[in-house]
Amino acid sequence: MSKVSKLALVACMASLLIVGMAWAGEASGAASPLIKAPNFTPAPENRTCHGHCGGSHSTAINGGPSDWGMGNSCTEAQTALTNSLYSTSDNQCVNLGLDGVCGTITQVTTTACYFNTMKGMYQIDGYAIHPCAWTICIGP
């Protein structure tokens, strides 16, 4: 291959590399002029929003417990059940399309504290009755 042919081949390869990098937005560290980002930002919304809390929802499953708590004592089992009921209630509100649980959760104990011999821990079973939060926004 002659020197002129090799030089032309190198120049051609270099131009393809530059064009390819420009297309990928890498040539100058900026985006390619062929792909432009939107030239606007959304206008701020002048809305007034208010949070609300209400309703009466139950986590019971066919009238029975939805959760249980276990621990080395009845106090620990009660704390575990309360935490589990709060989480279940919050998830239930979100699954209903609301913002989450709010207000006070009422615990309904279906089985009082007992020693679960299979697990070697104390256990309490129950479900919750709880309100949910939602937001209402007024304005454009």
# chains A, B, ... in the order shown; residues from 1 in each chain; ligands from 1
call {"tool": "residues_around", "arguments": {"residues": "A:Thr109", "least_positions_apart": "5", "cutoff": "12 Å", "atoms": "only C-alpha atoms", "output": "PyMOL selection string"}}
result
chain A and resi 60+63-69+77-78+81-82+85+123-129
call {"tool": "atom_distance", "arguments": {"atom1": "atom CA of A:Ser89", "atom2": "atom CA of A:Val101"}}
result
6.0 Å
call {"tool": "closest_residue", "arguments": {"among": "A:Ser73, A:Gln107, A:Asn91, A:Asn83", "to": "A:Gly120", "atoms": "only C-alpha atoms"}}
result
A:Ser73
call {"tool": "select_by_dssp", "arguments": {"residues": "stretch 59-102 of chain A", "states": "helix (DSSP H, G or I)", "output": "compact mmCIF listing (two decimals) with N, CA and C atoms, in the first residue's frame"}}
result
# COMPACT_ATOMS: atom_id res chain seq x y z
N CYS A 74 -43.59 -11.74 77.05
CA CYS A 74 -44.85 -11.23 76.49
C CYS A 74 -44.69 -9.77 76.08
N THR A 75 -43.88 -9.00 76.81
CA THR A 75 -43.63 -7.60 76.46
C THR A 75 -42.93 -7.49 75.11
N GLU A 76 -41.92 -8.32 74.88
CA GLU A 76 -41.22 -8.31 73.59
C GLU A 76 -42.15 -8.77 72.46
N ALA A 77 -42.98 -9.77 72.73
CA ALA A 77 -43.93 -10.25 71.72
C ALA A 77 -44.92 -9.15 71.37
N GLN A 78 -45.39 -8.41 72.39
CA GLN A 78 -46.33 -7.31 72.16
C GLN A 78 -45.69 -6.22 71.30
N THR A 79 -44.45 -5.86 71.58
CA THR A 79 -43.73 -4.85 70.79
C THR A 79 -43.57 -5.31 69.35
N ALA A 80 -43.22 -6.58 69.16
CA ALA A 80 -43.06 -7.13 67.80
C ALA A 80 -44.39 -7.10 67.05
N LEU A 81 -45.50 -7.44 67.74
CA LEU A 81 -46.81 -7.43 67.09
C LEU A 81 -47.20 -6.00 66.71
N THR A 82 -46.99 -5.05 67.61
CA THR A 82 -47.32 -3.65 67.32
C THR A 82 -46.56 -3.16 66.10
N ASN A 83 -45.26 -3.45 66.03
CA ASN A 83 -44.45 -3.03 64.88
C ASN A 83 -44.93 -3.69 63.58
N SER A 84 -45.28 -4.95 63.66
CA SER A 84 -45.75 -5.67 62.47
C SER A 84 -47.10 -5.13 62.01
N LEU A 85 -48.00 -4.84 62.96
CA LEU A 85 -49.31 -4.30 62.60
C LEU A 85 -49.19 -2.92 61.97
N TYR A 86 -48.27 -2.11 62.48
CA TYR A 86 -48.07 -0.78 61.88
C TYR A 86 -47.61 -0.93 60.43
N SER A 87 -46.66 -1.81 60.19
CA SER A 87 -46.14 -2.02 58.83
C SER A 87 -47.23 -2.55 57.90
N THR A 88 -48.01 -3.52 58.37
CA THR A 88 -49.09 -4.08 57.57
C THR A 88 -50.14 -3.02 57.25
N SER A 89 -50.48 -2.18 58.25
CA SER A 89 -51.47 -1.12 58.06
C SER A 89 -50.98 -0.10 57.05
N ASP A 90 -49.72 0.29 57.16
CA ASP A 90 -49.15 1.26 56.23
C ASP A 90 -49.16 0.72 54.81
N ASN A 91 -48.75 -0.53 54.64
CA ASN A 91 -48.75 -1.15 53.31
C ASN A 91 -50.17 -1.26 52.75
N GLN A 92 -51.14 -1.55 53.62
CA GLN A 92 -52.53 -1.66 53.16
C GLN A 92 -53.01 -0.31 52.62
N CYS A 93 -52.70 0.79 53.33
CA CYS A 93 -53.11 2.12 52.86
C CYS A 93 -52.47 2.44 51.52
N VAL A 94 -51.19 2.18 51.39
CA VAL A 94 -50.48 2.45 50.13
C VAL A 94 -51.07 1.62 49.00
N ASN A 95 -51.38 0.36 49.27
CA ASN A 95 -51.98 -0.51 48.24
C ASN A 95 -53.37 -0.04 47.83
